[in-house]
2 protein chains.
Amino acid sequence: MNHNRFLEYIKPYISLTSEEEKFLMTKVVVRNYLKNQYIVQQGDVCKSANFIISGCTKTFYIDLEGNEHVVMFSVEDWWASDLGSFITQAPADFNVQCLENTQLIQFSYENLEELYVQIPKLERLFRKIIERAFVASQKRIIRNFSLDAKERYLIFKNTYPKIDKRVPQYLIASYLGITKEFFSKIKSQLVQKE
Amino acid sequence: MNHNRFLEYIKPYISLTSEEEKFLMTKVVVRNYLKNQYIVQQGDVCKSANFIISGCTKTFYIDLEGNEHVVMFSVEDWWASDLGSFITQAPADFNVQCLENTQLIQFSYENLEELYVQIPKLERLFRKIIERAFVASQKRIIRNFSLDAKERYLIFKNTYPKIDKRVPQYLIASYLGITKEFFSKIKSQLVQKE
DNA sequence: AAATTATGTTAATCTAGTTTAACTTTTATT
DNA sequence: AATAAAAGTTAAACTAGATTAACATAATTT
């Protein structure tokens with residue numbers, strides 16, 4: 001029944017027969033992680049594509065100075081993997097860590113390759129998912145260049161109101177590319193205006 | 001013969017029979033643009049996926065203050081489209097303009113959909129291409145947050161030495177997210193160190 | 001309930017990068 | 001060849017955001 005969430009998720013993209021759905025289910029693993037556990041560690045190979053059934057993760061990078069930079073947050077119906085590491089099976093640049101207890105559906109690299117062969121429609125599914133992710137990523141680059149931190153925060157808050165309330169504020173600051181101190185300043189300015 | 005460049009390009013990803021190659025060729029158009037011409041205009045729908053045979057383009061965004069922000073450069077063997085507009089067939093956020101006379105292979109939206117049906121391997125091809133593009137885009141976001149402008153420029157110069165020499169410097173500044181004046185300062189600092 | 005530890009705020013000082021403006025060099029156009 | 005337009009440089013004044021540091025308020029752990 002935990003698979004259902006994934007099967008619902010893919011319906012707007014492709015339709016599978018019930019046999020295909022059953023076969024797919026035999027090729028995935030449902031796994032539970034506790035808050036603060038790592039799903040992927042920088043330097044290790046990301047062995048599975050992870051779909052979130054419940055919970056919340058941060059994907060982040062520790063730079064050479066030891067500073068943490070949040071690349072993305074993932075919640076229900078989204079993915080939490082180091083895709084670069086997964087597709088090349090090379091060491092990960094990013095960490096993925098649980099911000100809450102999190103339940104995942106995991107596609108191992110080998111099983112997903114097999115699924116692509118057995119159910120070619122899945123190529124289409126993942127093509128479409130990644131197309132959208134790429135477009136969002138490009139737009140974020142542009143926003144980072146053309147908007148100041150306050151504007152970026154307002155867009156974030158509007159786009160992901162649940163995440164804004166759900167994760168520690170210093171991680172949102174990191175996602176926005178600013179320090180927690182400056183983020184604090186921005187928020188107090190926004191409160192005063194109301 | 002202009003198709004050959006594309007057929008070579010896809011070989012690392014998928015292998016097509018010669019019938020498939022021929023069919024594919026009937027579904028694309030080769031088109032020539034002059035320097036400064038627009039392939040895609042912000043506000044219009046991006047009607048085709050464009051593969052560059054020769055030439056060079058910039059993909060850019062004009063913000064509300066009228067400032068230009070370069071999202072990417074594209075040269076031979078790369079793509080020059082507003083993918084977000086193409087996949088949704090909604091108005092483009094970005095412009096794509098030729099920096100040189102440019103020859104393209106164009107896949108119209110309808111023809112590409114048909115190609116996906118007739119040659120399902122193409123789903124795999126485009127999945128893999130976009131996976132890589134997404135990974136590169138994520139890494140760029142992180143670099144923009146964790147490195148200063150000088151470091152970003154050195155990485156750009158190393159990664160795309162040809163582009164560095166091929167396009168106007170003020171566009172590279174825009175791609176790096178800095179002003180042309182500050183870019184000029186950085187470069188003179190780098191020259192002095194040698 | 002006390003004590004840690006994690007998270008959040010405020011304010012002073014500092015800096016990477018912007019803005020403005022004047023100037024130089026290169027490239028296109030007549 | 002002359003002129004205009006586009007691209008690139010330099011320098012002074014300025015600002016968004018970083019840094020440092022001290023403090024405040026949750027949230028956990030003992």
# chains A, B, ... in the order shown; residues from 1 in each chain; ligands from 1
>>> select_by_dssp(residues="chain A", states="helix (DSSP H, G or I)", output="number ranges by chain")
A: 3-10, 18-26, 83-88, 109-118, 121-146, 149-159, 161-166, 169-176, 180-193
>>> closest_atom_pairs(of="chain D", to="chain A", cutoff="10 Å", atoms="only C-alpha atoms (C1' of nucleotides)", output="tab-separated table")
residue	atom	partner	partner_atom	distance
D:DA16	C1'	A:Asp148	CA	8.2
D:DG17	C1'	A:Phe182	CA	6.9
D:DA18	C1'	A:Thr179	CA	7.4
D:DT19	C1'	A:Thr179	CA	9.7
>>> write_last_selection(atoms="N, CA, C and O atoms (P, O5', C5', C4', C3', O3' and C1' of nucleotides)", output="PDB file, in the first residue's frame")
ATOM      1  P    DA D  16      21.350  47.862  -0.844  1.00  0.00           P
ATOM      2  O5'  DA D  16      21.350  46.306  -1.112  1.00  0.00           O
ATOM      3  C5'  DA D  16      21.854  45.799  -2.353  1.00  0.00           C
ATOM      4  C4'  DA D  16      22.576  44.500  -2.114  1.00  0.00           C
ATOM      5  C3'  DA D  16      21.854  43.524  -1.198  1.00  0.00           C
ATOM      6  O3'  DA D  16      22.047  42.232  -1.759  1.00  0.00           O
ATOM      7  C1'  DA D  16      23.975  44.070  -0.275  1.00  0.00           C
ATOM      8  P    DG D  17      21.285  40.959  -1.230  1.00  0.00           P
ATOM      9  O5'  DG D  17      22.367  40.365  -0.220  1.00  0.00           O
ATOM     10  C5'  DG D  17      23.599  39.891  -0.758  1.00  0.00           C
ATOM     11  C4'  DG D  17      24.601  39.729   0.344  1.00  0.00           C
ATOM     12  C3'  DG D  17      24.193  38.821   1.512  1.00  0.00           C
ATOM     13  O3'  DG D  17      25.080  37.704   1.498  1.00  0.00           O
ATOM     14  C1'  DG D  17      25.299  40.761   2.260  1.00  0.00           C
ATOM     15  P    DA D  18      25.376  36.718   2.672  1.00  0.00           P
ATOM     16  O5'  DA D  18      26.763  37.249   3.259  1.00  0.00           O
ATOM     17  C5'  DA D  18      27.919  37.221   2.415  1.00  0.00           C
ATOM     18  C4'  DA D  18      29.189  37.338   3.224  1.00  0.00           C
ATOM     19  C3'  DA D  18      29.353  36.307   4.337  1.00  0.00           C
ATOM     20  O3'  DA D  18      30.740  35.956   4.407  1.00  0.00           O
ATOM     21  C1'  DA D  18      29.239  38.480   5.273  1.00  0.00           C
ATOM     22  P    DT D  19      31.272  34.880   5.447  1.00  0.00           P
ATOM     23  O5'  DT D  19      31.743  35.722   6.721  1.00  0.00           O
ATOM     24  C5'  DT D  19      32.701  36.744   6.558  1.00  0.00           C
ATOM     25  C4'  DT D  19      32.943  37.411   7.896  1.00  0.00           C
ATOM     26  C3'  DT D  19      33.072  36.450   9.078  1.00  0.00           C
ATOM     27  O3'  DT D  19      34.310  36.742   9.709  1.00  0.00           O
ATOM     28  C1'  DT D  19      31.575  38.208   9.594  1.00  0.00           C
TER      29       DT D  19
END
>>> residues_around(residues="region 20-24 of chain C", least_positions_apart="5", cutoff="10 Å", atoms="only C-alpha atoms (C1' of nucleotides)", output="PDB file with N, CA, C and O atoms (P, O5', C5', C4', C3', O3' and C1' of nucleotides), in the first residue's frame")
ATOM      1  P    DG D   8      34.264  42.225 -25.025  1.00  0.00           P
ATOM      2  O5'  DG D   8      35.185  43.362 -24.394  1.00  0.00           O
ATOM      3  C5'  DG D   8      36.494  43.599 -24.942  1.00  0.00           C
ATOM      4  C4'  DG D   8      37.191  44.625 -24.094  1.00  0.00           C
ATOM      5  C3'  DG D   8      37.299  44.271 -22.611  1.00  0.00           C
ATOM      6  O3'  DG D   8      38.685  44.266 -22.268  1.00  0.00           O
ATOM      7  C1'  DG D   8      36.557  46.495 -22.896  1.00  0.00           C
ATOM      8  P    DT D   9      39.193  44.010 -20.794  1.00  0.00           P
ATOM      9  O5'  DT D   9      39.458  45.485 -20.255  1.00  0.00           O
ATOM     10  C5'  DT D   9      40.424  46.297 -20.913  1.00  0.00           C
ATOM     11  C4'  DT D   9      40.561  47.601 -20.173  1.00  0.00           C
ATOM     12  C3'  DT D   9      40.865  47.453 -18.675  1.00  0.00           C
ATOM     13  O3'  DT D   9      42.114  48.089 -18.446  1.00  0.00           O
ATOM     14  C1'  DT D   9      39.145  49.055 -19.057  1.00  0.00           C
ATOM     15  P    DT D  10      42.900  47.930 -17.068  1.00  0.00           P
ATOM     16  O5'  DT D  10      42.486  49.216 -16.221  1.00  0.00           O
ATOM     17  C5'  DT D  10      42.697  50.508 -16.783  1.00  0.00           C
ATOM     18  C4'  DT D  10      42.050  51.540 -15.891  1.00  0.00           C
ATOM     19  C3'  DT D  10      42.238  51.311 -14.391  1.00  0.00           C
ATOM     20  O3'  DT D  10      42.963  52.418 -13.885  1.00  0.00           O
ATOM     21  C1'  DT D  10      39.990  51.884 -14.908  1.00  0.00           C
ATOM     22  P    DA D  11      43.543  52.441 -12.370  1.00  0.00           P
ATOM     23  O5'  DA D  11      42.482  53.373 -11.620  1.00  0.00           O
ATOM     24  C5'  DA D  11      42.009  54.562 -12.252  1.00  0.00           C
ATOM     25  C4'  DA D  11      40.898  55.150 -11.414  1.00  0.00           C
ATOM     26  C3'  DA D  11      40.984  54.803  -9.929  1.00  0.00           C
ATOM     27  O3'  DA D  11      40.552  55.942  -9.183  1.00  0.00           O
ATOM     28  C1'  DA D  11      38.900  54.185 -10.728  1.00  0.00           C
ATOM     29  P    DA D  12      40.851  56.122  -7.640  1.00  0.00           P
ATOM     30  O5'  DA D  12      39.525  56.862  -7.137  1.00  0.00           O
ATOM     31  C5'  DA D  12      38.921  57.888  -7.956  1.00  0.00           C
ATOM     32  C4'  DA D  12      37.510  58.131  -7.460  1.00  0.00           C
ATOM     33  C3'  DA D  12      37.354  58.034  -5.949  1.00  0.00           C
ATOM     34  O3'  DA D  12      36.434  59.026  -5.504  1.00  0.00           O
ATOM     35  C1'  DA D  12      35.995  56.395  -6.979  1.00  0.00           C
ATOM     36  P    DA D  13      35.973  59.087  -3.947  1.00  0.00           P
ATOM     37  O5'  DA D  13      34.488  58.508  -4.005  1.00  0.00           O
ATOM     38  C5'  DA D  13      33.543  59.118  -4.889  1.00  0.00           C
ATOM     39  C4'  DA D  13      32.238  58.363  -4.783  1.00  0.00           C
ATOM     40  C3'  DA D  13      31.711  58.204  -3.349  1.00  0.00           C
ATOM     41  O3'  DA D  13      30.306  58.363  -3.401  1.00  0.00           O
ATOM     42  C1'  DA D  13      31.964  56.089  -4.324  1.00  0.00           C
ATOM     43  P    DC D  14      29.363  58.258  -2.075  1.00  0.00           P
ATOM     44  O5'  DC D  14      28.749  56.791  -2.188  1.00  0.00           O
ATOM     45  C5'  DC D  14      27.905  56.496  -3.315  1.00  0.00           C
ATOM     46  C4'  DC D  14      27.603  55.030  -3.292  1.00  0.00           C
ATOM     47  C3'  DC D  14      26.862  54.523  -2.040  1.00  0.00           C
ATOM     48  O3'  DC D  14      25.577  54.098  -2.461  1.00  0.00           O
ATOM     49  C1'  DC D  14      28.571  53.030  -2.736  1.00  0.00           C
TER      50       DC D  14
END
>>> select_by_dssp(residues="region 31-194 of chain A", states="strand (DSSP E or B)", output="ChimeraX atom specification")
/A:31-33,38-40,45,48-54,56-62,68-75,79,91,95-98,102-108
>>> write_last_selection(atoms="N, CA and C atoms", output="tab-separated table (two decimals), in the first residue's frame")
chain	number	residue	atom	x	y	z
A	31	ARG	N	11.90	1.58	2.44
A	31	ARG	CA	12.86	1.65	3.54
A	31	ARG	C	12.58	2.85	4.43
A	32	ASN	N	12.81	2.64	5.71
A	32	ASN	CA	12.56	3.71	6.68
A	32	ASN	C	13.88	4.24	7.24
A	33	TYR	N	13.97	5.55	7.30
A	33	TYR	CA	15.13	6.20	7.90
A	33	TYR	C	14.65	7.05	9.06
A	38	TYR	N	21.63	9.52	7.37
A	38	TYR	CA	22.05	9.86	6.01
A	38	TYR	C	21.54	8.82	5.02
A	39	ILE	N	20.95	9.28	3.94
A	39	ILE	CA	20.53	8.39	2.85
A	39	ILE	C	21.67	8.27	1.85
A	40	VAL	N	22.35	9.38	1.63
A	40	VAL	CA	23.53	9.40	0.75
A	40	VAL	C	24.63	10.19	1.45
A	45	VAL	N	29.10	6.12	-3.32
A	45	VAL	CA	28.27	6.05	-4.52
A	45	VAL	C	26.80	6.00	-4.11
A	48	SER	N	20.93	4.14	-5.05
A	48	SER	CA	19.52	4.02	-5.41
A	48	SER	C	18.89	5.38	-5.69
A	49	ALA	N	17.86	5.35	-6.53
A	49	ALA	CA	17.00	6.52	-6.72
A	49	ALA	C	15.91	6.40	-5.67
A	50	ASN	N	15.71	7.47	-4.89
A	50	ASN	CA	14.86	7.40	-3.71
A	50	ASN	C	13.65	8.32	-3.85
A	51	PHE	N	12.48	7.71	-3.81
A	51	PHE	CA	11.22	8.46	-3.89
A	51	PHE	C	10.63	8.57	-2.49
A	52	ILE	N	10.27	9.78	-2.09
A	52	ILE	CA	9.81	9.98	-0.71
A	52	ILE	C	8.31	9.73	-0.56
A	53	ILE	N	7.97	8.77	0.30
A	53	ILE	CA	6.57	8.49	0.63
A	53	ILE	C	6.11	9.41	1.75
A	54	SER	N	6.97	9.56	2.76
A	54	SER	CA	6.67	10.49	3.84
A	54	SER	C	7.97	10.95	4.45
A	56	CYS	N	10.98	14.16	5.12
A	56	CYS	CA	11.61	15.35	4.55
A	56	CYS	C	13.13	15.19	4.62
A	57	THR	N	13.81	15.58	3.56
A	57	THR	CA	15.28	15.49	3.53
A	57	THR	C	15.88	16.79	3.04
A	58	LYS	N	17.16	16.95	3.36
A	58	LYS	CA	17.94	18.03	2.74
A	58	LYS	C	19.07	17.39	1.94
A	59	THR	N	19.33	17.96	0.77
A	59	THR	CA	20.48	17.57	-0.03
A	59	THR	C	21.47	18.70	0.08
A	60	PHE	N	22.68	18.41	0.54
A	60	PHE	CA	23.62	19.51	0.79
A	60	PHE	C	25.06	19.11	0.45
A	61	TYR	N	25.88	20.16	0.37
A	61	TYR	CA	27.26	20.02	-0.03
A	61	TYR	C	28.12	20.70	1.03
A	62	ILE	N	29.20	20.03	1.45
A	62	ILE	CA	30.14	20.67	2.37
A	62	ILE	C	31.32	21.15	1.54
A	68	GLU	N	28.34	24.38	4.95
A	68	GLU	CA	27.24	23.59	4.38
A	68	GLU	C	26.40	24.45	3.43
A	69	HIS	N	26.10	23.88	2.25
A	69	HIS	CA	25.22	24.56	1.29
A	69	HIS	C	24.07	23.64	0.91
A	70	VAL	N	22.85	24.07	1.20
A	70	VAL	CA	21.68	23.24	0.87
A	70	VAL	C	21.33	23.40	-0.61
A	71	VAL	N	21.32	22.29	-1.31
A	71	VAL	CA	20.97	22.28	-2.74
A	71	VAL	C	19.46	22.21	-2.91
A	72	MET	N	18.82	21.35	-2.14
A	72	MET	CA	17.37	21.20	-2.25
A	72	MET	C	16.80	20.54	-1.01
A	73	PHE	N	15.52	20.77	-0.82
A	73	PHE	CA	14.73	20.02	0.16
A	73	PHE	C	13.84	19.07	-0.62
A	74	SER	N	13.58	17.90	-0.05
A	74	SER	CA	12.65	16.97	-0.68
A	74	SER	C	11.61	16.54	0.33
A	75	VAL	N	10.35	16.54	-0.11
A	75	VAL	CA	9.26	16.06	0.75
A	75	VAL	C	8.46	15.01	-0.02
A	79	TRP	N	12.03	13.40	-5.01
A	79	TRP	CA	13.16	12.50	-5.03
A	79	TRP	C	14.26	13.01	-4.12
A	91	PRO	N	31.49	8.56	-7.06
A	91	PRO	CA	31.25	9.10	-5.71
A	91	PRO	C	30.38	10.35	-5.71
A	95	ASN	N	25.44	15.21	0.10
A	95	ASN	CA	24.85	14.39	1.15
A	95	ASN	C	23.34	14.53	1.08
A	96	VAL	N	22.64	13.46	1.42
A	96	VAL	CA	21.19	13.55	1.61
A	96	VAL	C	20.91	13.05	3.01
A	97	GLN	N	20.33	13.91	3.83
A	97	GLN	CA	20.10	13.58	5.24
A	97	GLN	C	18.65	13.86	5.60
A	98	CYS	N	18.10	13.02	6.48
A	98	CYS	CA	16.70	13.16	6.86
A	98	CYS	C	16.52	14.28	7.87
A	102	THR	N	11.75	9.38	7.77
A	102	THR	CA	11.41	9.41	6.34
A	102	THR	C	11.25	8.00	5.78
A	103	GLN	N	10.19	7.82	5.01
A	103	GLN	CA	9.97	6.54	4.35
A	103	GLN	C	10.15	6.71	2.84
A	104	LEU	N	10.95	5.82	2.28
A	104	LEU	CA	11.34	5.93	0.87
A	104	LEU	C	10.94	4.69	0.08
A	105	ILE	N	10.74	4.89	-1.22
A	105	ILE	CA	10.77	3.76	-2.16
A	105	ILE	C	12.10	3.85	-2.88
A	106	GLN	N	12.86	2.77	-2.85
A	106	GLN	CA	14.20	2.80	-3.46
A	106	GLN	C	14.27	1.95	-4.72
A	107	PHE	N	14.82	2.57	-5.77
A	107	PHE	CA	15.12	1.86	-7.02
A	107	PHE	C	16.64	1.70	-7.07
A	108	SER	N	17.11	0.47	-6.96
A	108	SER	CA	18.55	0.28	-7.10
A	108	SER	C	18.94	0.53	-8.55
>>> interface_residues(of="chain A", to="chain C", cutoff="9 Å", atoms="only C-alpha atoms (C1' of nucleotides)", output="PDB file with all heavy atoms, in the first residue's frame")
ATOM      1  N   PRO A 168      14.244  23.920   9.707  1.00  0.00           N
ATOM      2  CA  PRO A 168      14.923  24.992  10.443  1.00  0.00           C
ATOM      3  C   PRO A 168      15.282  26.162   9.525  1.00  0.00           C
ATOM      4  O   PRO A 168      15.663  25.962   8.372  1.00  0.00           O
ATOM      5  CB  PRO A 168      16.193  24.320  10.966  1.00  0.00           C
ATOM      6  CG  PRO A 168      15.882  22.871  10.997  1.00  0.00           C
ATOM      7  CD  PRO A 168      14.912  22.631   9.879  1.00  0.00           C
ATOM      8  N   GLN A 169      15.141  27.357  10.065  1.00  0.00           N
ATOM      9  CA  GLN A 169      15.346  28.569   9.276  1.00  0.00           C
ATOM     10  C   GLN A 169      16.784  28.717   8.766  1.00  0.00           C
ATOM     11  O   GLN A 169      17.007  29.251   7.691  1.00  0.00           O
ATOM     12  CB  GLN A 169      14.948  29.790  10.118  1.00  0.00           C
ATOM     13  CG  GLN A 169      13.491  29.774  10.549  1.00  0.00           C
ATOM     14  CD  GLN A 169      12.554  29.978   9.386  1.00  0.00           C
ATOM     15  OE1 GLN A 169      12.491  31.074   8.840  1.00  0.00           O
ATOM     16  NE2 GLN A 169      11.842  28.939   8.974  1.00  0.00           N
ATOM     17  N   TYR A 170      17.742  28.244   9.505  1.00  0.00           N
ATOM     18  CA  TYR A 170      19.133  28.406   9.038  1.00  0.00           C
ATOM     19  C   TYR A 170      19.395  27.562   7.795  1.00  0.00           C
ATOM     20  O   TYR A 170      20.290  27.883   7.003  1.00  0.00           O
ATOM     21  CB  TYR A 170      20.137  28.103  10.158  1.00  0.00           C
ATOM     22  CG  TYR A 170      20.293  26.657  10.533  1.00  0.00           C
ATOM     23  CD1 TYR A 170      21.276  25.862   9.946  1.00  0.00           C
ATOM     24  CD2 TYR A 170      19.454  26.072  11.467  1.00  0.00           C
ATOM     25  CE1 TYR A 170      21.424  24.529  10.300  1.00  0.00           C
ATOM     26  CE2 TYR A 170      19.587  24.736  11.820  1.00  0.00           C
ATOM     27  CZ  TYR A 170      20.564  23.972  11.233  1.00  0.00           C
ATOM     28  OH  TYR A 170      20.706  22.660  11.567  1.00  0.00           O
ATOM     29  N   LYS A 180      22.470  32.880   8.019  1.00  0.00           N
ATOM     30  CA  LYS A 180      21.272  32.885   8.872  1.00  0.00           C
ATOM     31  C   LYS A 180      21.049  34.256   9.496  1.00  0.00           C
ATOM     32  O   LYS A 180      19.910  34.677   9.699  1.00  0.00           O
ATOM     33  CB  LYS A 180      21.335  31.783   9.924  1.00  0.00           C
ATOM     34  CG  LYS A 180      22.450  31.910  10.946  1.00  0.00           C
ATOM     35  CD  LYS A 180      22.468  30.671  11.845  1.00  0.00           C
ATOM     36  CE  LYS A 180      23.203  30.926  13.169  1.00  0.00           C
ATOM     37  NZ  LYS A 180      24.600  31.439  13.004  1.00  0.00           N
ATOM     38  N   GLU A 181      22.143  34.981   9.767  1.00  0.00           N
ATOM     39  CA  GLU A 181      22.027  36.322  10.350  1.00  0.00           C
ATOM     40  C   GLU A 181      21.332  37.300   9.392  1.00  0.00           C
ATOM     41  O   GLU A 181      20.435  38.042   9.790  1.00  0.00           O
ATOM     42  CB  GLU A 181      23.400  36.874  10.731  1.00  0.00           C
ATOM     43  CG  GLU A 181      24.081  36.160  11.868  1.00  0.00           C
ATOM     44  CD  GLU A 181      24.839  34.924  11.417  1.00  0.00           C
ATOM     45  OE1 GLU A 181      24.798  34.592  10.213  1.00  0.00           O
ATOM     46  OE2 GLU A 181      25.482  34.282  12.276  1.00  0.00           O
ATOM     47  N   SER A 184      17.707  36.454   9.024  1.00  0.00           N
ATOM     48  CA  SER A 184      16.965  36.950  10.180  1.00  0.00           C
ATOM     49  C   SER A 184      16.587  38.426   9.981  1.00  0.00           C
ATOM     50  O   SER A 184      15.456  38.830  10.243  1.00  0.00           O
ATOM     51  CB  SER A 184      17.857  36.795  11.406  1.00  0.00           C
ATOM     52  OG  SER A 184      17.100  36.579  12.547  1.00  0.00           O
ATOM     53  N   LYS A 185      17.542  39.198   9.500  1.00  0.00           N
ATOM     54  CA  LYS A 185      17.325  40.620   9.235  1.00  0.00           C
ATOM     55  C   LYS A 185      16.205  40.825   8.198  1.00  0.00           C
ATOM     56  O   LYS A 185      15.299  41.625   8.398  1.00  0.00           O
ATOM     57  CB  LYS A 185      18.642  41.205   8.707  1.00  0.00           C
ATOM     58  CG  LYS A 185      18.722  42.716   8.708  1.00  0.00           C
ATOM     59  CD  LYS A 185      20.140  43.136   8.325  1.00  0.00           C
ATOM     60  CE  LYS A 185      20.293  44.631   8.197  1.00  0.00           C
ATOM     61  NZ  LYS A 185      21.689  44.999   7.830  1.00  0.00           N
TER      62      LYS A 185
END
